[in-house]
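Structure, as structure tokens:
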Amino acid sequence: MAADLMEIDDSLYSRQRYVLGDGAMQQMAQSSVFLSGMGALGVEIGLLNFSCNKITVTLHDTKLCETWDLGCNFFIRRDDVLNQRKRVEAVCPRVGELNPYVHVDMSSCPLDDNIDLSFLKKYQCVILTESSLSLQKRINQFCHSQQPPIRFISSDAYGICVRIFCDFGEAFEVSDPTGEELKEIFIQSITQDNSGVVTCIDNQPHGLQTGQSVIFREINGMVELNGTTRQVSVISSHSFEIGDTSHFQPYEHGGFFVMVKTPQIYKFETLEQQLCDPQVLIPDLSKPEAPLHIHAAMLALDAFQEKHALLLLIFNLAAFLCIFSRGTLPPLAAAAGGIASQEVLKAITGKFGPLQQWFYLDALEVVRPLQSLSAEEFFPRGDRYDGLRACIGESMLLELHKLRVFMVGCGAIGCEMLKNFALLGVGLAKSLGEVCITDPDLIEKSNLNRQFLFRPHHIQTPKSTTAAEATREINPELQIDAHLNKVCPATESIYSDSFYSSLNVVVTALDNVEARRYVDSRCLCNQRPLLDSGTMGTKGHTEIIVPYLTESYNSHRDPPEEEIPFCTLKSFPSVIEHTIQWARDKFESAFFHKPSMYNSFWQTHVSAEAVLQRMQVGESMEGAFQVVKLLSRRPSHWEQCVIIARLKFEKYFKRKALQLLHSFPLDTRLKDGSLFWQSPKRPPTPTEFDVKDPLHFTFIVSAARLFAEIYNIPFSEKDLSEDAVSKILSDVKIPEYRPLEKSIVTDETAKKPDQMKMPLSSEEEREAIAQLEEAISTDGVTPESLRMNPLQFEKDNDSNGHIDFVTSASSLRARMYSIEPADRLKTKRIAGKIIPAIATATAAVSGLVALELVKVVGGYGFESFKNCFFNLAIPVVVLSETAPVKRTVIRNNLSFTIWDCWTIFGHEDFTLSDFMNAVREKYTIEPTMVVHGVKMLYVPVMPGHSKRLKLTMQKLIKPSVDRRYVDLTVSFAPETDGDEDLPGPPVRYYFSPDGKAP
């Protein structure tokens with residue numbers, strides 16, 4: 001059993017493995033956790049930890065299901081309430097069905113001050129929610145006193161405030177405090193000095209801090225440093241001292257260093273010790289005093305609750321907290337649940353820096369504008385929303401019910417958002433509200449680890465329709481319209497301006513930056529709020545975009561992703577990322593682009609005979625040479641596919657090295673006298689093929705099967721065996737290698753040439769004609785031979801051989817260049833551009849976004865909105881005000897923002913001159929230039945443009961039949977001659993006086 005638990009199902013856990021690492025995953029598989037309290041916060045912690053990890057858990061709760069629970073516990077159904085089930089009995093099987101690897105027990109025994117706590121000794125971590133302070137202190141003291149200590153976490157939610165407390169013992173060792181991936185940094189120079197100075201190549205930032213340690217490798221000259229670990233003292237962002245190097249040999253060239261992660265010890269105090277002098281993480285620097293104030297207020301509530309066995313519901317911070325303390329704000333519980341769950345993972349794995357020791361999160365900005373409402377607004381009404389009503393009141397609740405939301409993406413964040421919508425009652429059918437969702441993807445097994453609405457039987461079903469069905473199970477009152485569309489310019493007819501105009505808010509829940517930018521542009525065009533968020537591993541962010549108050553998503557852009565130079569990929573890799581990208585490029589070229597181009601060519605051209613005739617008369621046809629070469633070399637049976645793979649091995653891993661060393665021998669020097677082959681350039685070593693080498697064999701088999709698939713050649717499992725492949729390879733004749741006198745690109749700014757558009761030599765043209773003539777004469781041209789089967793790279797199907805090819809090809813190239821190879825998991829992440837993901841961060845961002853949704857619905861002011869960035873690994877949570885929208889001044893009394901749009905209403909005979917006059921009269925400024933998209937409608941200096949003034953706008957723009965308006969870019973005359981034209985907002989021109997479609 002233990003051996004089985006140690007196996008990690010990569011198809012399920014791959015995204016989480018990238019965040020936690022296998023060591024932490026293995027530790028979790030051997031851990032037992034006790035979780036008490038199945039309310040809003042407890043069920044979030046249970047969901048996030050135990051649905052996503054191999055773990056043994058006991059869920060504890062003593063309460064019965066109430067109607068109230070339907071609005072805060074997404075695992076409880078109306079049937080559970082009607083049948084008076086215990087909460088833990090309702091929750092336990094639903095947690096268990098999420099994850100086949102979790103072992104879930106349940107307990108409903110009383111947990112009070114008289115219980116014998118020795119039963120807790122079998123657990124590595126104890127988590128308490130909804131427990132009295134006296135019980136928390138008693139259990140914490142017991143856990144703290146054990147050897148080794150039992151990690152203790154308590155978390156409480158009092159309406160608009162939540163708290164988390166951690167105690168992991170007096171000496172808690174953390175193996176990796178940050179979780180950041182270690183990078184190889186190449187060295188420019190090292191001085192011989194009493195305190196040697198290391199300078200990074202090309203002033204590359206090293207990212208180190210004084211006191212950290214690095215290990216050196218592959219240094220030429222000062223070889224004494226190789227393999228040694230040195231503590232650094234930072235001088236600048238690209239240099240640091242490493243101690244005495246004066247007695248070492250002089251540094252010559254090359255080498256790199258890697259930061260060494262050293263374990264760190266954290267000391268914790270007990271809850272009793274921390275009550276009066278708490279160590280608190282401050283999330284919102286605009287109110288740094290709030291955590292301590294809430295700490296004191298919540299302790300007062302704890303004391304009141306213990307004395308009177310109830311929470312205040314009556315009308316300074318303590319009084320404010322008391323008003324809403326009995327309520328439940330599900331998004332706040334989701335955010336706190338995500339943060340607390342990350343601490344649970346730290347407690348049982350020793351990975352990432354733990355919270356020391358208190359964390360408070362509040363939603364004061366949500367409820368502050370509601371304090372003037374009458375007490376009746378917050379009174380219970382006996383329905384599922386009583387907990388929420390106690391926090392935000394009946395009027396706000398009704399506004400949420402009427403909400404019309406469009407959410408793009410139904411993945412990890414999308415599932416969490418839908419859960420929040422269900423608990424908040426967003427978009428109810430009876431209130432004419434609606435949640436419209438869209439996602440073109442199908443559910444994969446890897447999604448199940450963090451997209452909690454999905455189950456194993458949902459695999460290969462659409463995400464959107466499945467998520468809609470699962471959300472209606474949580475709250476049957478929701479109106480959800482699920483689509484399978486990708487949101488992009490191609491779907492503008494579906495998601496038109498009138499569609500966006502009917503919405504109250506738009507939510508993006510996807511990781512594609514360009515798609516998010518497109519959605520933002522539509523929201524900007526139609527003045528609609530946008531709630532955006534994203535995660536990467538333990539990091540997350542939220543951004544709230546509100547018309548006329550904040551900047552838009554497109555107002556800022558991340559720096560472009562740094563591209564690997566073409567010459568580096570082709571000839572001079574220096575790190576494993578280069579070889580992985582090279583292998584991925586080889587896959588795309590051989591198994592997707594060439595087959596796609598082949599099919600496209602033969603779909604365009606009628607017959608091989610017609611192509612031959614055109615080639616014989618010297619007509620140029622793009623791609624003809626490449627297509628004819630593929631046709632002439634097309635294999636027809638499995639043995640030929642194996643031979644092609646063997647020849648590819650020879651080309652990639654032997655001849656390429658021989659050619660490079662022929663062109664640039666090891667002693668080659670540059671004009672300045674320095675060696676050509678010095679860091680970061682690594683000289684290659686030719687690889688001799690050995691069928692007994694597992695890596696060589698894997699490359700041959702994976703490449704051969706992919707060639708067979710694109711050429712539609714059948715093969716069996718027996719064909720893939722070592723004996724069968726070895727037998728074929730034993731007869732392969734490898735042509736003798738002769739070096740070529742060709743130029744090798746070394747310029748890092750050079751781009752990859754387009755092979756399709758490169759001019760052909762007369763010899764190549766003659767060769768192509770001869771090959772096509774032979775194919776035709778030997779009946780080699782058939783309908784089947786003119787078709788190929790392009791393979792889309794699929795990273796998550798371990799049986800298709802795609803990752804096998806990329807991993808083996810990358811590892812072989814890495815060997816050739818003496819680069820440390822990457823394992824299959826790392827290769828899959830880099831080649832598949834996988835964003836590491838963990839459910840804790842997803843829950844936190846979705847909860848924070850849903851809190852902002854309430855503010856948007858309430859029409860709150862600018863100062864109420866909060867963006868957030870967090871890194872749960874460190875941990876750091878930073879709430880900040882949104883960026884205010886910038887105002888551009890045209891002249892003293894005229895200005896605009898990105899949200900402004902001037903409007904002109906025309907008619908069928910409305911001319912360009914009429915449009916110019918209308919703008920002049922309405923906005924008292926002289927228009928000088930009018931542009932529609934990339935088309936210049938009117939530029940005075942352009943010949944003939946003055947005649948356009950008499951043309952109608954209909955004729956100039958040629959709108960589609962259902963087009964109501966167009967947005968035009970208009971420039972305006974400067975106030976002083978000689979100055980540049982002035983910018984302005986878009987001018988929206990409606991084709992009819994009433995703004996309806998013409």
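Naming works like this for the structure tokens: A, B, ... for the chains as they're shown, residue 1 at the start of each chain, ligands 1 onward in shown order.
For Val367 (chain A), the set of protein, DNA and RNA residues having any atom at most 8 Å away, when counting only C-alpha atoms and skipping those fewer than 3 positions along the same chain, is Ile160, Ala363, Leu364, Leu370, Gln371, Cys391 and Ile392 of chain A.
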Do a neighbour search on Trp358 (chain A) at 9 Å with only C-alpha atoms, toss out local chain neighbours closer than 6 positions, and write the hits as a list in words.
Arg163, Ile164, Phe165, Cys166, Gln274, Pro278, Gln279, Val280, Leu281, Pro291 and His295 of chain A
As a list in words, list the residues of region 410-453 of chain A assigned to strand (DSSP E or B) by DSSP on the backbone atoms of this structure.
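Listing strand (DSSP E or B) positions across region 410-453 of chain A yields Leu428, Glu434, Val435, Cys436, Ile437, Thr438 and Leu442 of chain A.
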Next, dump the selected residues to file, keeping only C-alpha atoms, as a short mmCIF file (atom, residue, chain, number, x, y, z; two decimals), in the first residue's frame.
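File produced: result36.cif:
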```
data_model
loop_
_atom_site.label_atom_id
_atom_site.label_comp_id
_atom_site.auth_asym_id
_atom_site.auth_seq_id
_atom_site.Cartn_x
_atom_site.Cartn_y
_atom_site.Cartn_z
CA LEU A 428 -30.88 34.08 -10.84
CA GLU A 434 -27.88 35.34 -16.15
CA VAL A 435 -24.35 34.04 -16.14
CA CYS A 436 -23.09 33.46 -19.69
CA ILE A 437 -19.92 31.36 -19.90
CA THR A 438 -17.80 30.20 -22.80
CA LEU A 442 -12.62 19.75 -23.40
#
```
Identify, on the basis of only C-alpha atoms, every residue whose closest approach to Glu764 (chain A) does not exceed 12 Å; exclude the query and any residue fewer than 5 positions from it along the same chain; express the result as a PyMOL selection string.
chain A and resi 615+624-626+628-629+758-759+769-771
Neighbouring residues of Ser341 (chain A) were defined as those with any atom within 7 Å, considering only C-alpha atoms; residues of the same chain fewer than 2 positions away were excluded. Please report them as a VMD selection string.
chain A and resid 45 48 to 49 337 to 339 343 to 345 840
